[in-house]
Structures are given as C-alpha cells and as structure tokens.
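What follows is the content of structure28.cif, which has mmCIF, C-alpha atoms:
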```cif
data_model
#
loop_
_atom_site.label_atom_id
_atom_site.label_comp_id
_atom_site.auth_asym_id
_atom_site.auth_seq_id
_atom_site.Cartn_x
_atom_site.Cartn_y
_atom_site.Cartn_z
CA MET A 1 93.07 45.30 37.14
CA THR A 2 91.14 42.42 35.68
CA ALA A 3 88.56 43.29 33.03
CA ILE A 4 84.97 42.55 33.86
CA ARG A 5 83.44 40.22 31.31
CA LEU A 6 79.92 41.05 30.35
CA PRO A 7 77.59 38.16 29.61
CA ARG A 8 77.44 37.31 25.96
CA ARG A 9 74.33 38.52 24.26
CA VAL A 10 72.18 35.81 22.80
CA PRO A 11 70.63 37.06 19.54
CA LEU A 12 66.89 37.12 19.63
CA ARG A 13 65.34 34.73 17.15
CA LEU A 14 62.26 36.19 15.64
CA PRO A 15 59.64 33.78 14.39
CA ARG A 16 59.90 33.11 10.70
CA ARG A 17 57.50 35.12 8.65
CA VAL A 18 55.02 33.30 6.51
CA PRO A 19 55.79 34.33 2.91
CA LEU A 20 53.12 36.55 1.41
CA ARG A 21 52.62 34.29 -1.59
CA THR A 22 52.07 31.27 0.68
CA ALA A 23 49.53 33.22 2.71
CA VAL A 24 47.71 34.20 -0.48
CA CYS A 25 47.69 30.54 -1.54
CA LEU A 26 46.15 29.44 1.76
CA LEU A 27 43.60 32.26 2.02
CA PRO A 28 41.08 30.80 -0.52
CA LEU A 29 41.08 27.46 1.34
CA ALA A 30 40.40 29.23 4.63
CA LEU A 31 37.53 31.17 3.06
CA VAL A 32 36.07 27.94 1.64
CA ALA A 33 36.17 26.36 5.09
CA VAL A 34 34.45 29.39 6.66
CA ALA A 35 31.77 29.44 3.96
CA ALA A 36 31.15 25.69 4.30
CA VAL A 37 30.72 25.97 8.09
CA ARG A 38 28.36 28.92 7.75
CA HIS A 39 26.17 27.09 5.19
CA ARG A 40 26.49 23.54 6.54
CA GLU A 41 22.72 23.03 6.87
CA VAL A 42 22.12 24.12 3.27
CA LEU A 43 24.95 21.86 2.10
CA ALA A 44 23.56 18.85 3.95
CA GLU A 45 20.07 19.40 2.53
CA GLY A 46 21.38 20.00 -0.98
CA PHE A 47 23.49 16.82 -0.98
CA GLY A 48 20.44 14.94 0.28
CA HIS A 49 18.44 16.10 -2.74
CA LEU A 50 21.28 15.16 -5.12
CA ALA A 51 21.26 11.63 -3.71
CA THR A 52 17.64 11.15 -4.84
CA ALA A 53 18.09 12.65 -8.33
CA ARG A 54 18.22 10.76 -11.62
CA PRO A 55 21.92 10.18 -12.47
CA ALA A 56 21.66 10.72 -16.25
CA TRP A 57 20.29 14.25 -15.85
CA LEU A 58 22.85 15.01 -13.12
CA LEU A 59 25.63 13.92 -15.48
CA ALA A 60 24.25 16.25 -18.15
CA ALA A 61 24.15 19.09 -15.61
CA ALA A 62 27.77 18.41 -14.59
CA GLY A 63 28.86 18.45 -18.23
CA ALA A 64 27.12 21.77 -18.86
CA THR A 65 28.75 23.20 -15.73
CA CYS A 66 32.20 22.29 -17.07
CA LEU A 67 31.38 23.90 -20.41
CA THR A 68 30.60 27.21 -18.67
CA TRP A 69 34.33 27.59 -17.90
CA VAL A 70 35.12 26.99 -21.57
CA ALA A 71 32.59 29.65 -22.58
CA ALA A 72 34.07 32.10 -20.06
CA ALA A 73 37.58 31.45 -21.40
CA LEU A 74 36.34 31.97 -24.95
CA THR A 75 34.79 35.31 -24.03
CA ARG A 76 37.94 36.43 -22.18
CA GLN A 77 40.06 35.60 -25.23
CA GLY A 78 37.64 37.48 -27.47
CA ALA A 79 38.05 40.63 -25.38
CA VAL A 80 41.77 41.03 -26.26
CA VAL A 81 43.62 41.07 -29.56
CA GLU A 82 46.66 39.17 -28.30
CA ARG A 83 46.49 35.38 -28.09
CA LEU A 84 46.39 34.23 -24.46
CA PRO A 85 47.83 30.82 -23.43
CA ALA A 86 44.80 28.54 -23.75
CA ARG A 87 45.45 26.07 -20.92
CA ARG A 88 46.37 28.72 -18.39
CA LEU A 89 43.38 30.79 -19.49
CA LEU A 90 41.01 27.87 -18.90
CA ALA A 91 42.58 27.09 -15.52
CA THR A 92 42.28 30.75 -14.58
CA GLN A 93 38.53 30.72 -15.33
CA PHE A 94 38.09 27.70 -13.07
CA ALA A 95 40.02 29.46 -10.30
CA ALA A 96 38.19 32.73 -10.94
CA GLY A 97 34.88 30.94 -10.40
CA ALA A 98 35.98 30.00 -6.89
CA ALA A 99 37.24 33.53 -6.18
CA ASN A 100 33.96 34.94 -7.43
CA HIS A 101 32.01 32.94 -4.83
CA LEU A 102 34.29 34.12 -2.01
CA LEU A 103 34.18 37.88 -2.67
CA PRO A 104 31.14 40.12 -3.28
CA GLY A 105 30.04 41.77 -6.49
CA GLY A 106 32.14 39.72 -8.90
CA LEU A 107 35.35 41.25 -7.50
CA GLY A 108 37.07 37.88 -7.14
CA ALA A 109 36.85 36.83 -10.79
CA SER A 110 37.68 40.35 -11.98
CA ALA A 111 40.80 40.54 -9.81
CA VAL A 112 42.01 37.09 -10.90
CA ASN A 113 41.53 37.82 -14.60
CA LEU A 114 43.04 41.30 -14.35
CA ARG A 115 46.13 39.84 -12.72
CA PHE A 116 46.32 37.05 -15.30
CA MET A 117 46.26 39.49 -18.23
CA THR A 118 48.92 41.73 -16.71
CA VAL A 119 51.17 38.71 -16.07
CA CYS A 120 50.66 37.77 -19.74
CA GLY A 121 52.17 41.14 -20.67
CA LEU A 122 49.14 43.35 -21.29
CA PRO A 123 49.40 46.86 -19.81
CA LEU A 124 47.11 47.56 -16.88
CA ALA A 125 45.05 50.09 -18.84
CA ARG A 126 44.37 47.63 -21.67
CA SER A 127 43.70 44.78 -19.24
CA SER A 128 41.12 46.94 -17.45
CA ALA A 129 39.54 47.86 -20.79
CA ALA A 130 39.35 44.17 -21.77
CA LEU A 131 37.75 43.39 -18.42
CA ALA A 132 35.14 46.11 -18.95
CA LEU A 133 34.44 44.82 -22.47
CA TYR A 134 33.96 41.30 -21.10
CA LEU A 135 31.53 42.49 -18.42
CA LEU A 136 29.58 44.50 -20.98
CA ALA A 137 29.37 41.56 -23.40
CA GLU A 138 28.33 39.15 -20.62
CA GLY A 139 25.59 41.52 -19.46
CA VAL A 140 24.33 42.05 -23.02
CA GLY A 141 24.35 38.30 -23.62
CA ARG A 142 22.37 37.54 -20.47
CA VAL A 143 19.78 40.29 -20.93
CA GLY A 144 19.54 39.65 -24.66
CA LEU A 145 18.94 35.93 -24.15
CA LEU A 146 16.27 36.69 -21.55
CA ALA A 147 14.54 39.16 -23.86
CA ALA A 148 14.58 36.67 -26.74
CA LEU A 149 13.08 33.90 -24.59
CA LEU A 150 10.41 36.22 -23.19
CA LEU A 151 9.43 37.20 -26.73
CA ALA A 152 9.27 33.54 -27.75
CA PHE A 153 7.46 32.44 -24.57
CA PRO A 154 5.58 35.48 -23.27
CA GLY A 155 3.69 33.48 -20.64
CA ALA A 156 6.77 31.76 -19.23
CA LEU A 157 7.15 33.97 -16.19
CA ARG A 158 5.52 36.73 -14.21
CA LEU A 159 8.34 39.14 -13.39
CA GLY A 160 6.42 40.89 -10.61
CA PRO A 161 7.10 38.28 -7.88
CA LEU A 162 10.87 38.66 -8.33
CA LEU A 163 10.71 42.13 -6.72
CA PRO A 164 9.14 42.55 -3.28
CA ALA A 165 6.12 44.82 -3.05
CA GLY A 166 7.03 48.49 -2.81
CA VAL A 167 10.68 48.05 -3.74
CA ALA A 168 10.46 49.25 -7.36
CA GLY A 169 10.07 52.94 -6.43
CA PRO A 170 12.98 53.13 -3.95
CA LEU A 171 15.16 51.08 -6.30
CA LEU A 172 14.49 53.46 -9.18
CA LEU A 173 15.08 56.47 -6.91
CA ALA A 174 18.38 55.03 -5.65
CA THR A 175 19.51 54.34 -9.24
CA CYS A 176 18.70 57.90 -10.30
CA ALA A 177 20.47 59.32 -7.23
CA ALA A 178 23.57 57.25 -7.96
CA ALA A 179 23.58 58.41 -11.59
CA VAL A 180 23.26 62.06 -10.52
CA GLY A 181 26.06 61.60 -7.96
CA VAL A 182 28.40 60.09 -10.57
CA ALA A 183 27.61 62.87 -13.05
CA ALA A 184 28.23 65.55 -10.39
CA ALA A 185 31.55 63.97 -9.42
CA LEU A 186 32.66 63.90 -13.06
CA LEU A 187 31.71 67.55 -13.54
CA CYS A 188 33.35 68.80 -10.34
CA VAL A 189 36.56 66.74 -10.14
CA ARG A 190 38.88 67.39 -13.05
CA ARG A 191 41.30 64.55 -12.29
CA LEU A 192 38.47 62.06 -12.09
CA ARG A 193 37.05 63.36 -15.36
CA ALA A 194 40.45 63.04 -17.03
CA ALA A 195 40.97 59.51 -15.69
CA VAL A 196 37.52 58.38 -16.85
CA GLY A 197 38.04 59.98 -20.25
CA SER A 198 41.40 58.25 -20.67
CA PHE A 199 39.90 54.90 -19.68
CA LEU A 200 36.99 55.31 -22.10
CA ARG A 201 39.36 56.15 -24.97
CA THR A 202 41.42 53.05 -24.19
CA ALA A 203 38.31 50.88 -23.90
CA LEU A 204 36.85 52.13 -27.18
CA GLY A 205 40.17 51.61 -28.94
CA GLU A 206 40.37 48.07 -27.56
CA ALA A 207 36.80 47.34 -28.66
CA ARG A 208 37.51 48.60 -32.19
CA SER A 209 40.66 46.48 -32.41
CA VAL A 210 38.80 43.36 -31.28
CA HIS A 211 35.93 43.86 -33.71
CA ARG A 212 38.31 44.31 -36.64
CA ARG A 213 39.18 40.63 -36.18
CA PRO A 214 36.18 38.39 -36.95
CA ALA A 215 37.59 35.48 -34.91
CA ARG A 216 37.91 37.65 -31.80
CA ALA A 217 34.46 39.20 -32.23
CA LEU A 218 32.91 35.75 -32.70
CA ALA A 219 34.66 34.48 -29.56
CA LEU A 220 33.55 37.52 -27.55
CA TRP A 221 29.88 37.48 -28.47
CA GLY A 222 29.52 33.74 -28.97
CA GLY A 223 30.95 33.08 -25.54
CA SER A 224 28.89 35.83 -23.91
CA PHE A 225 25.65 34.22 -25.13
CA ALA A 226 26.83 30.65 -24.57
CA PHE A 227 27.76 31.28 -20.93
CA PRO A 228 24.27 32.16 -19.58
CA ALA A 229 22.67 29.60 -21.92
CA LEU A 230 24.84 26.86 -20.41
CA GLN A 231 24.09 28.05 -16.88
CA ALA A 232 20.37 27.94 -17.62
CA SER A 233 20.73 24.46 -19.11
CA VAL A 234 22.31 23.27 -15.84
CA LEU A 235 19.18 24.38 -13.96
CA VAL A 236 16.98 22.68 -16.56
CA ALA A 237 18.91 19.42 -16.21
CA VAL A 238 18.72 19.55 -12.39
CA GLY A 239 14.99 20.30 -12.65
CA ARG A 240 14.53 17.23 -14.82
CA ALA A 241 16.65 15.15 -12.45
CA LEU A 242 14.36 16.03 -9.53
CA GLY A 243 11.09 15.90 -11.45
CA LEU A 244 10.17 19.61 -11.43
CA GLY A 245 6.99 19.96 -13.46
CA VAL A 246 7.99 23.13 -15.34
CA PRO A 247 8.70 23.24 -19.11
CA PRO A 248 12.44 23.55 -19.91
CA TRP A 249 12.15 26.94 -21.62
CA HIS A 250 10.22 28.29 -18.66
CA MET A 251 12.98 27.11 -16.30
CA ALA A 252 15.57 28.84 -18.49
CA VAL A 253 13.56 32.08 -18.38
CA ALA A 254 13.21 31.77 -14.60
CA TYR A 255 16.96 31.38 -14.18
CA LEU A 256 17.87 34.32 -16.42
CA ALA A 257 15.25 36.57 -14.83
CA ALA A 258 16.41 35.68 -11.31
CA THR A 259 20.10 36.31 -12.05
CA VAL A 260 19.35 39.62 -13.76
CA ALA A 261 17.19 40.65 -10.78
CA VAL A 262 19.99 40.02 -8.25
CA ALA A 263 22.87 41.32 -10.38
CA LEU A 264 23.22 44.47 -8.28
CA ILE A 265 23.14 42.71 -4.89
CA PRO A 266 26.75 42.60 -3.59
CA THR A 267 26.85 39.17 -1.94
CA PRO A 268 29.71 36.71 -2.51
CA GLY A 269 28.74 34.74 -5.62
CA GLY A 270 25.12 35.72 -5.02
CA VAL A 271 24.98 33.28 -2.09
CA GLY A 272 21.57 33.67 -0.48
CA SER A 273 20.12 36.21 -2.89
CA VAL A 274 20.31 33.95 -5.96
CA GLU A 275 18.73 31.04 -4.12
CA ALA A 276 15.79 33.16 -2.94
CA ALA A 277 15.23 34.74 -6.36
CA LEU A 278 15.46 31.38 -8.14
CA ILE A 279 12.91 29.76 -5.86
CA VAL A 280 10.50 32.67 -6.37
CA ALA A 281 11.08 32.57 -10.14
CA LEU A 282 10.49 28.81 -10.41
CA VAL A 283 7.32 29.07 -8.32
CA ALA A 284 6.18 31.96 -10.51
CA ALA A 285 6.83 29.73 -13.55
CA GLY A 286 4.42 27.14 -12.13
CA GLY A 287 6.59 24.83 -10.02
CA PRO A 288 5.59 23.54 -6.55
CA ALA A 289 7.43 25.43 -3.81
CA ALA A 290 8.91 22.32 -2.15
CA VAL A 291 10.27 20.85 -5.39
CA ALA A 292 11.50 24.27 -6.56
CA THR A 293 13.44 24.65 -3.30
CA ALA A 294 15.00 21.21 -3.73
CA VAL A 295 15.98 22.00 -7.33
CA VAL A 296 17.60 25.31 -6.39
CA LEU A 297 19.58 23.77 -3.52
CA ALA A 298 20.80 20.91 -5.73
CA PHE A 299 21.62 23.38 -8.53
CA ARG A 300 23.75 25.54 -6.22
CA ILE A 301 25.51 22.49 -4.78
CA LEU A 302 26.44 21.40 -8.30
CA THR A 303 27.49 24.78 -9.67
CA VAL A 304 28.94 26.49 -6.58
CA TRP A 305 29.86 24.18 -3.73
CA LEU A 306 31.27 21.13 -5.51
CA PRO A 307 33.72 23.15 -7.69
CA LEU A 308 34.61 25.50 -4.82
CA LEU A 309 37.33 23.43 -3.11
CA PRO A 310 39.13 22.29 -6.33
CA GLY A 311 38.75 25.84 -7.66
CA ALA A 312 40.37 27.26 -4.53
CA LEU A 313 43.19 24.70 -4.81
CA THR A 314 43.69 25.67 -8.46
CA LEU A 315 43.78 29.33 -7.44
CA GLY A 316 46.49 28.60 -4.88
CA VAL A 317 48.53 26.62 -7.41
CA LEU A 318 48.28 29.40 -10.01
CA VAL A 319 49.43 31.95 -7.44
CA ARG A 320 52.30 29.65 -6.43
CA LEU A 321 53.38 29.23 -10.07
CA LYS A 322 53.08 33.01 -10.62
CA VAL A 323 50.50 32.53 -13.38
CA ILE A 324 48.43 35.13 -11.54
#
```
Could you spell out this file's structure in structure tokens?
Amino acid sequence: MTAIRLPRRVPLRLPRRVPLRTAVCLLPLALVAVAAVRHREVLAEGFGHLATARPAWLLAAAGATCLTWVAAALTRQGAVVERLPARRLLATQFAAGAANHLLPGGLGASAVNLRFMTVCGLPLARSSAALALYLLAEGVGRVGLLAALLLAFPGALRLGPLLPAGVAGPLLLATCAAAVGVAAALLCVRRLRAAVGSFLRTALGEARSVHRRPARALALWGGSFAFPALQASVLVAVGRALGLGVPPWHMAVAYLAATVAVALIPTPGGVGSVEAALIVALVAAGGPAAVATAVVLAFRILTVWLPLLPGALTLGVLVRLKVI
C-alpha cells in the first residue's frame, strides 16, 4: 500500500514586530506632528509676527531661551549629591522640555528626568526625592521672584483680571476639599500612610545631604531663581522686539503672575492656558490688546514650537542610546 503524502505545511510568517524602543523613539515625533496640525493657525500667525520683529531683540530672546536649559540642568544637579554627567544632563533637559510640552501637568519632564537619574545609578526612591526637591525649589523660586518684583513695583500689575469673575470661591473650595480628601486617605489607609512617610523621610534626608554641600545648595537655589528670571527675560526681549509699550519689569511681573496662575491647569506645556493668561496679564500691565496678543504668540513660537522638533529628536536619540 502506498503511503499518502500530505501537503507540506508552509510556516506562517508573522509580520515583524516594531521594537519597543524604536516605537518610543518615534512617538515624540508623532506627537509633535499632531500638535503642529492642531495649532497650525496659531503657528502661522506667530511666525508672521516674528518676521516683523527687530532681529537684535529676537537674538537676545533666543539666547535667553537657550540659557533656561542650562539653569534647569544646574537645578537638577543641585538636587542630588552625586555628580551627574554634565553633557548628558544638559541634553536631557533639552529633551525634557519637548516632553513637557507633549504631556500634561509637567509629567513629560518629570518622567524623562526620573528615568535619567535611575539610569545614572540612583535608586528610584532617591531619584523621586530629588525630583520632588527640584519641583519645590522651582516653585519657591518662581513665587519668590514674583513676590520680590511685586514689592519693588507694587503698581506693575492688577492680579484680579488673571482670575475670571466668581472663580476664586470655587477654586478655594476645591483646594480645601482636595486637602481634606488627601488627609482622610492618609488617616484611613495604613499602607498609603507608610509609603508617604517613607518617601518623606527619604526626601528630607536627601535635602539635608544636599544642603550640607554649599556647591550643591548654590546650584539648586541659584538655578531655581535663574530659570524663571530667564523665562521672563525672553518675554521682555520679545516685547521689545515687537514694540510693546510696557516697562520691562512690568512685563516680567506679568509673565510670572500668569505662569503661577495657570500652574494647576493640566494642559500639555500650558498650551492654550498660558497664552490666555499672558495676554490678560500684559493687558492688565498696560499693553494694547493687539500688540500683547502678537507678543504672546511670538513668545510661544520662540520658547515652545521652535525647540519642539529638535527636542523631540534629541529625546528619541537619548532613548536609542539608553541614556534615558
């Protein structure tokens, strides 16, 4: 009896999977493209205003923008005792700026820097504590600089227009409710209370270690005050470039007040909320509405949109090289 030959099975070829690291590298570029398409009208108008600006002031604004990444790197180094690799740290801040404008609430920059510190060998608990110390120092620097300028120039800005009518009461009520909810959760959930207590002990220990070294403390607090000061100086330079008739110190106060006012609004990089608050703040400082709008659009083009694509490319390269 002859054996029946079955047809030979042809192995199924599954499509090759895209490596996870490659996908992560390409994701920032895709997000940049989506953001650019969504805000194409704003981009076109902003570039139009930049074309009519005075080049010398624009060059000064671009230089101050670059220095903000140096200030951020300085503050990040000051938040840890160990010496971080300087070049990679600076490149990470540039990439973190792009990530921060693609994810809400500052999550992008925090995730990039947390990953960078853990790759550099810092334990996750200490990296998280350093991140919290950085955020605290940056907030203190911004609010402290605003308070100092308001004391020096008390008539620079009316803060009332930054908050819509009737929003102060609900905002205060929501803040109190959130505080009560957090306190209740800490009292009722033992594991959460233990985790928070452990984190606070680690954070306080890290803060004490940093402040025992004068060089680290100077980097932490010097960078935390320099960062918002440089950001404000970018707005001042753009205002001068477009002929905004507001004194420089008043523009700086307007910028700091606007960014503090929108700090709790979870939009990617403050896109939308920062623009609106800045326009209101500049008008409240005495600027014409049309010119203030042009200044804010040009300012955001210079500080957000122009660095966004190279920042996303840098982020992809750092992921590819396993720096983050």
Exercise for the section: Measure the distance from CA of Gly108 in chain A to CA of Ala96 in chain A in Å and round it to one decimal. Expected result: 6.5 Å
Practice task
Pick out the closest residue to Phe94 in chain A from this set: A:Met251, A:Leu122, A:Val140, A:Ala312. Count only C-alpha atoms.
Solution key: A:Ala312
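Note that the spacing between CA of Leu321 in chain A and CA of Ala132 in chain A amounts to 26.4 Å.
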Exercise for the section: Using all atoms listed in the file, give me every residue within 12 Å of (26.0, 19.6, 1.5) in file coordinates, as a ChimeraX atom specification. Expected result: /A:35-51,297-302,304-306
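If you look at CA of Pro310 in chain A and CA of Ser110 in chain A, they are 19.0 Å away from each other.
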Handout entry: Selection near range 244-248 of chain A, 12 Å with only C-alpha atoms, sequence-local residues under 3 positions removed, as a ChimeraX atom specification
Key = /A:53-54,149,153,155-157,232-241,251-255,279,281-296
Handout entry: Residue contacts of Ala229 in chain A (10 Å, all atoms listed in the file) excluding same-chain residues fewer than 5 positions away, as a list in words
Key =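 That gives Ala64, Thr68, Ala71, Gly141, Arg142, Leu145, Leu146, Gly223, Ser224, Val234, Ala252, Tyr255 and Leu256 of chain A.
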Practice task
Find, counting only C-alpha atoms, the residue in A:Ala152, A:Arg190, A:Arg320, A:Phe199 that gets nearest to Trp249 in chain A.
Solution key: A:Ala152
Practice task
Evaluate the PyMOL selection byres ((chain A and resi 97) around 12) on the structure here and hand back the selected residues as a PyMOL selection string.
Solution key: chain A and resi 28+65-66+68-70+72-73+90-96+98-103+106-113+268-269+303-315
Fill in the blank from the handout: Using only C-alpha atoms, the residue out of A:Ala56, A:Arg88, A:Leu114, A:Ala130 with shortest distance to Arg208 in chain A is A:Ala130
Non-local contacts of Pro123 in chain A (12 Å; only C-alpha atoms; under 5 positions in same chain excluded) as a compact mmCIF listing (two decimals) with C-alpha atoms, in the coordinates of the input:
```
# COMPACT_ATOMS: atom_id res chain seq x y z
CA VAL A 80 41.77 41.03 -26.26
CA GLU A 82 46.66 39.17 -28.30
CA LEU A 114 43.04 41.30 -14.35
CA ARG A 115 46.13 39.84 -12.72
CA PHE A 116 46.32 37.05 -15.30
CA MET A 117 46.26 39.49 -18.23
CA THR A 118 48.92 41.73 -16.71
CA SER A 128 41.12 46.94 -17.45
CA ALA A 129 39.54 47.86 -20.79
CA ALA A 130 39.35 44.17 -21.77
CA THR A 202 41.42 53.05 -24.19
CA GLU A 206 40.37 48.07 -27.56
```
Problem - Minimum-distance residue to Phe225 in chain A, chosen among A:Ala148, A:Leu173, A:Leu318, A:Val81 (using all atoms listed in the file) - result: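 Of A:Ala148, A:Leu173, A:Leu318, A:Val81, the one nearest Phe225 in chain A, counting all atoms listed in the file, is A:Ala148.
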Contacts of Arg83 in chain A at 12 Å or less, counting only C-alpha atoms, minus same-chain residues fewer than 5 places along, as a PDB file with C-alpha atoms, in the frame of the given file?
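Here's the written file selection.pdb:
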```pdb
ATOM      1  CA  ALA A  73      37.580  31.450 -21.400  1.00  0.00           C
ATOM      2  CA  LEU A  74      36.340  31.970 -24.950  1.00  0.00           C
ATOM      3  CA  ARG A  76      37.940  36.430 -22.180  1.00  0.00           C
ATOM      4  CA  GLN A  77      40.060  35.600 -25.230  1.00  0.00           C
ATOM      5  CA  GLY A  78      37.640  37.480 -27.470  1.00  0.00           C
ATOM      6  CA  ARG A  88      46.370  28.720 -18.390  1.00  0.00           C
ATOM      7  CA  LEU A  89      43.380  30.790 -19.490  1.00  0.00           C
ATOM      8  CA  MET A 117      46.260  39.490 -18.230  1.00  0.00           C
ATOM      9  CA  CYS A 120      50.660  37.770 -19.740  1.00  0.00           C
ATOM     10  CA  GLY A 121      52.170  41.140 -20.670  1.00  0.00           C
ATOM     11  CA  LEU A 122      49.140  43.350 -21.290  1.00  0.00           C
ATOM     12  CA  VAL A 210      38.800  43.360 -31.280  1.00  0.00           C
ATOM     13  CA  ALA A 215      37.590  35.480 -34.910  1.00  0.00           C
ATOM     14  CA  ARG A 216      37.910  37.650 -31.800  1.00  0.00           C
ATOM     15  CA  ALA A 219      34.660  34.480 -29.560  1.00  0.00           C
TER      16      ALA A 219
END
```
Exercise for the section: Could you tell me which of A:Gly205, A:Gly222, A:Pro228, A:Gly243 comes closest to Ala258 in chain A if we count all atoms listed in the file? Expected result: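 Smallest separation from Ala258 in chain A among the options: A:Pro228.
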Output, as JSON, the centre and edge lengths in Å (one decimal) of the axis-aligned box that contains all listed atoms of range 222-238 of chain A with 8 Å of margin on each side.
```
{"center_x": 24.0, "center_y": 27.6, "center_z": -20.7, "size_x": 30.0, "size_y": 32.4, "size_z": 32.6}
```
